[in-house]
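Data from entry.cif: mmCIF, C-alpha atoms
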data_work
#
loop_
_atom_site.label_atom_id
_atom_site.label_comp_id
_atom_site.auth_asym_id
_atom_site.auth_seq_id
_atom_site.Cartn_x
_atom_site.Cartn_y
_atom_site.Cartn_z
CA ASN Q 1 -23.90 13.11 -9.35
CA ALA Q 2 -24.05 10.55 -12.11
CA GLY Q 3 -21.74 7.57 -11.86
CA VAL Q 4 -19.95 5.86 -14.72
CA MET Q 5 -22.32 5.69 -17.67
CA GLN Q 6 -22.03 2.90 -20.19
CA ASN Q 7 -24.10 2.42 -23.29
CA PRO Q 8 -25.64 0.50 -24.73
CA ARG Q 9 -26.55 -1.87 -21.88
CA HIS Q 10 -27.13 -4.71 -24.32
CA LEU Q 11 -25.70 -5.07 -27.82
CA VAL Q 12 -26.36 -7.84 -30.32
CA ARG Q 13 -24.10 -8.16 -33.33
CA ARG Q 14 -23.80 -10.72 -36.10
CA ARG Q 15 -20.43 -12.32 -36.71
CA GLY Q 16 -18.26 -10.01 -38.77
CA GLN Q 17 -19.95 -6.78 -37.68
CA GLU Q 18 -18.40 -4.03 -35.59
CA ALA Q 19 -19.27 -3.32 -31.97
CA ARG Q 20 -18.79 0.09 -30.36
CA LEU Q 21 -19.07 0.39 -26.61
CA ARG Q 22 -19.17 3.78 -24.92
CA CYS Q 23 -18.15 4.90 -21.47
CA SER Q 24 -18.51 8.30 -19.82
CA PRO Q 25 -16.42 8.46 -16.64
CA MET Q 26 -17.61 9.81 -13.35
CA LYS Q 27 -17.39 13.58 -13.05
CA GLY Q 28 -13.92 14.60 -11.94
CA HIS Q 29 -12.35 11.28 -12.94
CA SER Q 30 -9.66 11.44 -15.60
CA HIS Q 31 -8.67 7.76 -15.75
CA VAL Q 32 -10.66 5.08 -17.57
CA TYR Q 33 -10.21 1.31 -17.47
CA TRP Q 34 -11.90 -1.39 -19.52
CA TYR Q 35 -12.42 -4.91 -18.21
CA ARG Q 36 -14.04 -7.96 -19.79
CA GLN Q 37 -16.01 -10.59 -17.91
CA LEU Q 38 -16.57 -13.86 -19.72
CA PRO Q 39 -19.32 -16.21 -18.48
CA GLU Q 40 -18.25 -18.00 -15.28
CA GLU Q 41 -14.91 -16.15 -15.27
CA GLY Q 42 -13.49 -13.23 -13.38
CA LEU Q 43 -12.91 -9.72 -14.61
CA LYS Q 44 -9.90 -9.40 -16.91
CA PHE Q 45 -8.08 -6.12 -17.48
CA MET Q 46 -8.03 -4.90 -21.05
CA VAL Q 47 -6.82 -1.30 -21.26
CA TYR Q 48 -6.14 1.83 -19.24
CA LEU Q 49 -6.53 5.27 -20.76
CA GLN Q 50 -6.25 8.91 -19.87
CA LYS Q 51 -7.50 11.73 -22.08
CA GLU Q 52 -5.96 11.28 -25.53
CA ASN Q 53 -3.50 8.69 -24.24
CA ILE Q 54 -3.41 4.91 -24.01
CA ILE Q 55 -1.35 4.17 -20.91
CA ASP Q 56 -1.50 0.38 -20.73
CA GLU Q 57 -3.08 -1.90 -23.33
CA SER Q 58 -1.40 -5.10 -22.19
CA GLY Q 59 -4.73 -6.90 -21.80
CA MET Q 60 -6.09 -6.05 -25.24
CA PRO Q 61 -6.19 -8.79 -27.88
CA LYS Q 62 -3.64 -7.95 -30.58
CA GLU Q 63 -6.17 -7.86 -33.39
CA ARG Q 64 -9.66 -6.40 -33.89
CA PHE Q 65 -9.79 -4.54 -30.57
CA SER Q 66 -9.02 -0.85 -30.08
CA ALA Q 67 -9.80 1.82 -27.50
CA GLU Q 68 -9.71 5.58 -27.34
CA PHE Q 69 -10.49 8.35 -24.88
CA PRO Q 70 -10.68 11.60 -26.86
CA LYS Q 71 -10.31 15.08 -25.48
CA GLU Q 72 -14.05 15.55 -25.79
CA GLY Q 73 -16.64 12.81 -25.42
CA PRO Q 74 -16.76 9.31 -24.02
CA SER Q 75 -14.20 6.56 -24.12
CA ILE Q 76 -14.87 4.06 -26.91
CA LEU Q 77 -14.01 0.37 -27.00
CA ARG Q 78 -14.22 -0.85 -30.57
CA ILE Q 79 -14.34 -4.47 -31.67
CA GLN Q 80 -14.07 -5.10 -35.39
CA GLN Q 81 -15.28 -8.25 -37.15
CA VAL Q 82 -16.78 -9.72 -33.99
CA VAL Q 83 -16.72 -13.47 -33.38
CA ARG Q 84 -18.79 -15.60 -31.00
CA GLY Q 85 -15.94 -15.69 -28.50
CA ASP Q 86 -16.26 -11.92 -28.04
CA SER Q 87 -19.62 -12.42 -26.32
CA ALA Q 88 -19.11 -11.14 -22.78
CA ALA Q 89 -19.88 -8.33 -20.39
CA TYR Q 90 -17.60 -5.34 -20.88
CA PHE Q 91 -17.17 -3.07 -17.90
CA CYS Q 92 -15.73 0.39 -17.79
CA ALA Q 93 -14.36 1.89 -14.59
CA SER Q 94 -13.06 5.33 -13.79
CA SER Q 95 -10.95 6.76 -11.02
CA PRO Q 96 -9.01 9.81 -9.95
CA PRO Q 97 -5.22 9.47 -10.37
CA SER Q 98 -4.90 7.56 -7.08
CA GLY Q 99 -7.39 4.93 -8.22
CA VAL Q 100 -5.17 1.89 -8.51
CA ALA Q 101 -3.42 2.62 -5.23
CA THR Q 102 -6.66 2.74 -3.28
CA GLY Q 103 -8.78 0.26 -5.25
CA GLY Q 104 -11.45 2.88 -5.45
CA TYR Q 105 -12.58 2.30 -8.99
CA THR Q 106 -16.15 3.23 -9.81
CA PHE Q 107 -17.58 0.75 -12.27
CA GLY Q 108 -20.37 1.23 -14.75
CA SER Q 109 -23.16 -1.29 -15.15
CA GLY Q 110 -21.52 -2.81 -18.20
CA THR Q 111 -22.40 -3.57 -21.80
CA ARG Q 112 -23.46 -7.12 -22.51
CA LEU Q 113 -22.34 -8.05 -26.00
CA THR Q 114 -23.91 -11.04 -27.69
CA VAL Q 115 -22.54 -12.20 -31.02
CA VAL Q 116 -24.94 -14.34 -33.05
CA GLU L 117 2.91 -15.05 -11.63
CA ASP L 118 0.58 -12.77 -9.69
CA GLN L 119 -2.60 -14.62 -8.84
CA VAL L 120 -5.78 -14.30 -6.80
CA THR L 121 -7.80 -17.38 -5.79
CA GLN L 122 -11.14 -17.22 -4.04
CA SER L 123 -13.01 -19.97 -2.20
CA PRO L 124 -15.56 -21.32 -2.08
CA GLU L 125 -16.94 -20.68 -5.56
CA ALA L 126 -20.46 -20.61 -4.15
CA LEU L 127 -21.88 -20.50 -0.63
CA ARG L 128 -25.47 -20.87 0.47
CA LEU L 129 -26.38 -19.80 3.99
CA GLN L 130 -29.50 -19.47 6.04
CA GLU L 131 -30.38 -15.95 7.13
CA GLY L 132 -28.47 -15.23 10.33
CA GLU L 133 -25.85 -17.95 9.71
CA SER L 134 -22.42 -16.34 9.88
CA SER L 135 -19.53 -17.48 7.68
CA SER L 136 -16.31 -16.39 5.96
CA LEU L 137 -15.10 -16.08 2.38
CA ASN L 138 -11.45 -16.65 1.54
CA CYS L 139 -9.10 -14.86 -0.84
CA SER L 140 -5.57 -16.21 -1.30
CA TYR L 141 -3.06 -14.14 -3.21
CA THR L 142 0.43 -14.48 -4.57
CA VAL L 143 1.96 -11.16 -5.53
CA SER L 144 5.38 -9.66 -5.07
CA GLY L 145 5.14 -6.71 -2.76
CA LEU L 146 1.50 -6.30 -1.84
CA ARG L 147 0.35 -2.75 -2.45
CA GLY L 148 -3.21 -3.28 -1.32
CA LEU L 149 -6.02 -5.82 -1.41
CA PHE L 150 -9.52 -4.81 -2.47
CA TRP L 151 -12.96 -6.29 -1.91
CA TYR L 152 -15.89 -5.62 -4.21
CA ARG L 153 -19.52 -6.69 -4.30
CA GLN L 154 -21.22 -7.47 -7.62
CA ASP L 155 -24.96 -7.88 -8.03
CA PRO L 156 -26.40 -9.69 -11.07
CA GLY L 157 -26.44 -7.47 -14.15
CA LYS L 158 -24.41 -4.73 -12.46
CA GLY L 159 -20.83 -3.61 -12.19
CA PRO L 160 -18.69 -4.30 -9.11
CA GLU L 161 -19.16 -1.97 -6.16
CA PHE L 162 -16.10 -1.11 -4.09
CA LEU L 163 -16.22 -2.22 -0.44
CA PHE L 164 -12.78 -2.14 1.23
CA THR L 165 -9.06 -1.62 0.78
CA LEU L 166 -6.60 -3.37 3.11
CA TYR L 167 -2.90 -2.48 3.02
CA SER L 168 -1.04 -4.46 5.66
CA ALA L 169 -1.24 -7.73 7.58
CA GLY L 170 -3.40 -7.40 10.67
CA GLU L 171 -5.54 -4.63 9.24
CA GLU L 172 -9.32 -4.92 9.52
CA LYS L 173 -12.17 -2.95 7.95
CA GLU L 174 -15.88 -3.14 8.76
CA LYS L 175 -19.07 -2.13 7.02
CA GLU L 176 -22.43 -3.15 8.44
CA ARG L 177 -22.41 -6.98 8.59
CA LEU L 178 -19.12 -7.32 6.70
CA LYS L 179 -15.61 -7.38 8.11
CA ALA L 180 -12.49 -7.82 6.00
CA THR L 181 -9.19 -8.99 7.45
CA LEU L 182 -5.74 -9.44 5.94
CA THR L 183 -2.79 -11.73 6.61
CA LYS L 184 0.46 -12.08 4.66
CA LYS L 185 -1.03 -14.68 2.32
CA GLU L 186 -4.79 -14.29 2.41
CA SER L 187 -7.77 -12.16 3.23
CA PHE L 188 -11.09 -13.12 4.76
CA LEU L 189 -14.46 -11.48 4.35
CA HIS L 190 -16.49 -12.33 7.42
CA ILE L 191 -20.26 -12.03 7.18
CA THR L 192 -22.07 -11.82 10.50
CA ALA L 193 -25.80 -12.63 10.74
CA PRO L 194 -26.35 -12.13 6.99
CA LYS L 195 -29.62 -11.04 5.46
CA PRO L 196 -31.04 -11.97 2.04
CA GLU L 197 -29.95 -8.58 0.69
CA ASP L 198 -26.33 -9.61 1.27
CA SER L 199 -26.72 -12.14 -1.56
CA ALA L 200 -24.22 -11.21 -4.29
CA THR L 201 -20.88 -12.20 -5.76
CA TYR L 202 -17.95 -10.97 -3.69
CA LEU L 203 -14.74 -10.24 -5.57
CA CYS L 204 -11.22 -9.89 -4.26
CA ALA L 205 -8.54 -8.03 -6.23
CA VAL L 206 -4.90 -6.94 -5.98
CA PRO L 207 -2.69 -4.65 -8.05
CA PRO L 208 0.28 -6.58 -9.47
CA TYR L 209 3.62 -5.24 -8.35
CA SER L 210 4.74 -4.78 -11.94
CA SER L 211 1.89 -2.49 -12.92
CA ALA L 212 0.57 0.80 -11.69
CA SER L 213 -2.45 0.72 -13.94
CA LYS L 214 -4.50 -2.42 -13.37
CA ILE L 215 -5.80 -4.79 -10.74
CA ILE L 216 -6.15 -8.58 -10.88
CA PHE L 217 -9.50 -10.01 -9.83
CA GLY L 218 -10.32 -13.39 -8.40
CA SER L 219 -13.22 -15.36 -9.86
CA GLY L 220 -15.44 -14.46 -6.93
CA THR L 221 -17.64 -16.22 -4.40
CA ARG L 222 -21.38 -16.34 -5.16
CA LEU L 223 -23.12 -15.88 -1.84
CA SER L 224 -26.80 -16.77 -1.47
CA ILE L 225 -28.69 -16.08 1.75
CA ARG L 226 -32.00 -17.92 2.22
CA PRO L 227 -34.70 -16.22 4.30
#

Please, can you express the file's structure as structure tokens?
Amino acid sequence: NAGVMQNPRHLVRRRGQEARLRCSPMKGHSHVYWYRQLPEEGLKFMVYLQKENIIDESGMPKERFSAEFPKEGPSILRIQQVVRGDSAAYFCASSPPSGVATGGYTFGSGTRLTVV
Amino acid sequence: EDQVTQSPEALRLQEGESSSLNCSYTVSGLRGLFWYRQDPGKGPEFLFTLYSAGEEKEKERLKATLTKKESFLHITAPKPEDSATYLCAVPPYSSASKIIFGSGTRLSIRP
């Protein structure tokens, strides 16, 4: 029973390039959440998605960042024209519909993005 | 503004030396308080959910308690494998889709 799968584990991009982060939720989970963890800071909510729907993107920067969760395939977090300040660990979590109420997110191991 | 504050930022203990971690929260209408454990290079791992003041949950050497303003994670006779960052989180009243995390307490247990 695989957990939440994120890839790649590590991603290095030059300033101005695009970064694509992938997340396959746990089997049976239909809700996906993306969080960002900056060095020495806590986890910050970015976006919450269900299949083919963005439910809450209140934590997403207004520009360069987008997310999707298509009917088939993994959820994608896309960062265009990356800057050094985007360097962080990006975590995906999934849950059944009751996830927020119970706190029972299952997190992936994260993608560590380094912008050089 | 909904907020979660954890203290101390870091804690170093000798193996077997019991202690407590603190999580203070300000949120309108608490709908749950969550504890997670995060190991270096990994994602957070869910530990407990507490819903109401006076509630307690236990798992091995860990016990979480909740009051109206704060939660404690008590660690009894810790072992080196308990070394990790412990995160506290709450869902804001205004949102049904996210949780707010504290900055965590880095716990280090020396053998």

**Request:** Would you write out, as an MDAnalysis selection string, every residue that the PyMOL selection byres ((chain L) within 12 of (chain Q)) captures in this file?
**Result:** chainID L and resid 119:122 125:126 146:167 201:222

Suppose we keep C-alpha atoms; can you now write the selection as a CSV table (one decimal), in the frame of the given file?
chain,number,residue,atom,x,y,z
L,119,GLN,CA,-2.6,-14.6,-8.8
L,120,VAL,CA,-5.8,-14.3,-6.8
L,121,THR,CA,-7.8,-17.4,-5.8
L,122,GLN,CA,-11.1,-17.2,-4.0
L,125,GLU,CA,-16.9,-20.7,-5.6
L,126,ALA,CA,-20.5,-20.6,-4.2
L,146,LEU,CA,1.5,-6.3,-1.8
L,147,ARG,CA,0.4,-2.8,-2.4
L,148,GLY,CA,-3.2,-3.3,-1.3
L,149,LEU,CA,-6.0,-5.8,-1.4
L,150,PHE,CA,-9.5,-4.8,-2.5
L,151,TRP,CA,-13.0,-6.3,-1.9
L,152,TYR,CA,-15.9,-5.6,-4.2
L,153,ARG,CA,-19.5,-6.7,-4.3
L,154,GLN,CA,-21.2,-7.5,-7.6
L,155,ASP,CA,-25.0,-7.9,-8.0
L,156,PRO,CA,-26.4,-9.7,-11.1
L,157,GLY,CA,-26.4,-7.5,-14.2
L,158,LYS,CA,-24.4,-4.7,-12.5
L,159,GLY,CA,-20.8,-3.6,-12.2
L,160,PRO,CA,-18.7,-4.3,-9.1
L,161,GLU,CA,-19.2,-2.0,-6.2
L,162,PHE,CA,-16.1,-1.1,-4.1
L,163,LEU,CA,-16.2,-2.2,-0.4
L,164,PHE,CA,-12.8,-2.1,1.2
L,165,THR,CA,-9.1,-1.6,0.8
L,166,LEU,CA,-6.6,-3.4,3.1
L,167,TYR,CA,-2.9,-2.5,3.0
L,201,THR,CA,-20.9,-12.2,-5.8
L,202,TYR,CA,-18.0,-11.0,-3.7
L,203,LEU,CA,-14.7,-10.2,-5.6
L,204,CYS,CA,-11.2,-9.9,-4.3
L,205,ALA,CA,-8.5,-8.0,-6.2
L,206,VAL,CA,-4.9,-6.9,-6.0
L,207,PRO,CA,-2.7,-4.6,-8.0
L,208,PRO,CA,0.3,-6.6,-9.5
L,209,TYR,CA,3.6,-5.2,-8.4
L,210,SER,CA,4.7,-4.8,-11.9
L,211,SER,CA,1.9,-2.5,-12.9
L,212,ALA,CA,0.6,0.8,-11.7
L,213,SER,CA,-2.4,0.7,-13.9
L,214,LYS,CA,-4.5,-2.4,-13.4
L,215,ILE,CA,-5.8,-4.8,-10.7
L,216,ILE,CA,-6.2,-8.6,-10.9
L,217,PHE,CA,-9.5,-10.0,-9.8
L,218,GLY,CA,-10.3,-13.4,-8.4
L,219,SER,CA,-13.2,-15.4,-9.9
L,220,GLY,CA,-15.4,-14.5,-6.9
L,221,THR,CA,-17.6,-16.2,-4.4
L,222,ARG,CA,-21.4,-16.3,-5.2

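Atom pair CA of Thr183 (chain L) / CA of Glu171 (chain L) has a distance of 8.1 Å (rounded to one decimal).
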
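Our summary of the geometry notes that CA of Pro124 (chain L) is positioned 7.2 Å from CA of Asn138 (chain L).
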
**Neighbour list for Thr192 (chain L) as a ChimeraX atom specification, cut-off 7 Å, all atoms listed in the file, skip fewer than 3 positions in-chain** = /L:134-135,177-178

**Complete:** The distance between CA of Glu72 (chain Q) and CA of Asn53 (chain Q) is 12.7 Å

**Item:** Shell around region 73-86 of chain Q at 6 Å using all atoms listed in the file, local window under 3 positions removed, as a ChimeraX atom specification
**Value:** /Q:15-24,64-69,115

**Asked** Residues picked by the PyMOL selection byres ((chain Q and resi 12) around 8) here, as a list of chain:residue names?
**Response** Q:His10, Q:Leu11, Q:Arg13, Q:Arg14, Q:Leu113, Q:Thr114, Q:Val115, Q:Val116

Let me know the centre plus edge lengths, in Å and rounded to one decimal, of a box with edges along x, y and z that contains all listed atoms of region 23-33 of chain Q and is padded by 5 Å on every side, as lines of an AutoDock Vina configuration file.
center_x = -13.6
center_y = 8.0
center_z = -16.7
size_x = 19.8
size_y = 23.3
size_z = 19.5

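Between Phe188 (chain L) and the residues L:Cys139, L:Gln130, L:Glu117, L:Ser168, the shortest atom-to-atom distance, using only C-alpha atoms, involves L:Cys139.
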
**Prompt:** What lies within 7 Å of Met26 (chain Q) using only C-alpha atoms, ignoring chain neighbours under 6 positions off, as a PyMOL selection string?
**Reply:** chain Q and resi 2-4+94

**Item:** Result set, the PyMOL selection byres ((chain L and resi 224) around 9) on current file, as a PyMOL selection string
**Value:** chain L and resi 126-130+196+198-201+222-223+225-226

Given the selection you just returned, output its residues as a file containing C-alpha atoms, formatted as a JSON list (two decimals), keeping the file's coordinate frame.
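File written: result36.json
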[["chain", "number", "residue", "atom", "x", "y", "z"],
["L", 126, "ALA", "CA", -20.46, -20.61, -4.15],
["L", 127, "LEU", "CA", -21.88, -20.50, -0.63],
["L", 128, "ARG", "CA", -25.47, -20.87, 0.47],
["L", 129, "LEU", "CA", -26.38, -19.80, 3.99],
["L", 130, "GLN", "CA", -29.50, -19.47, 6.04],
["L", 196, "PRO", "CA", -31.04, -11.97, 2.04],
["L", 198, "ASP", "CA", -26.33, -9.61, 1.27],
["L", 199, "SER", "CA", -26.72, -12.14, -1.56],
["L", 200, "ALA", "CA", -24.22, -11.21, -4.29],
["L", 201, "THR", "CA", -20.88, -12.20, -5.76],
["L", 222, "ARG", "CA", -21.38, -16.34, -5.16],
["L", 223, "LEU", "CA", -23.12, -15.88, -1.84],
["L", 225, "ILE", "CA", -28.69, -16.08, 1.75],
["L", 226, "ARG", "CA", -32.00, -17.92, 2.22]]

**Contacts of Leu189 (chain L) within 6 Å, all atoms listed in the file, excl. fewer than 5 positions in-chain, as a ChimeraX atom specification** = /L:136-137,179-180

Output file for the selection above: C-alpha atoms, as a PDB file, in the frame of the given file:
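So the final result, stored in result-v6.pdb, reads:
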ATOM      1  CA  SER L 136     -16.310 -16.390   5.960  1.00  0.00           C
ATOM      2  CA  LEU L 137     -15.100 -16.080   2.380  1.00  0.00           C
ATOM      3  CA  LYS L 179     -15.610  -7.380   8.110  1.00  0.00           C
ATOM      4  CA  ALA L 180     -12.490  -7.820   6.000  1.00  0.00           C
TER       5      ALA L 180
END
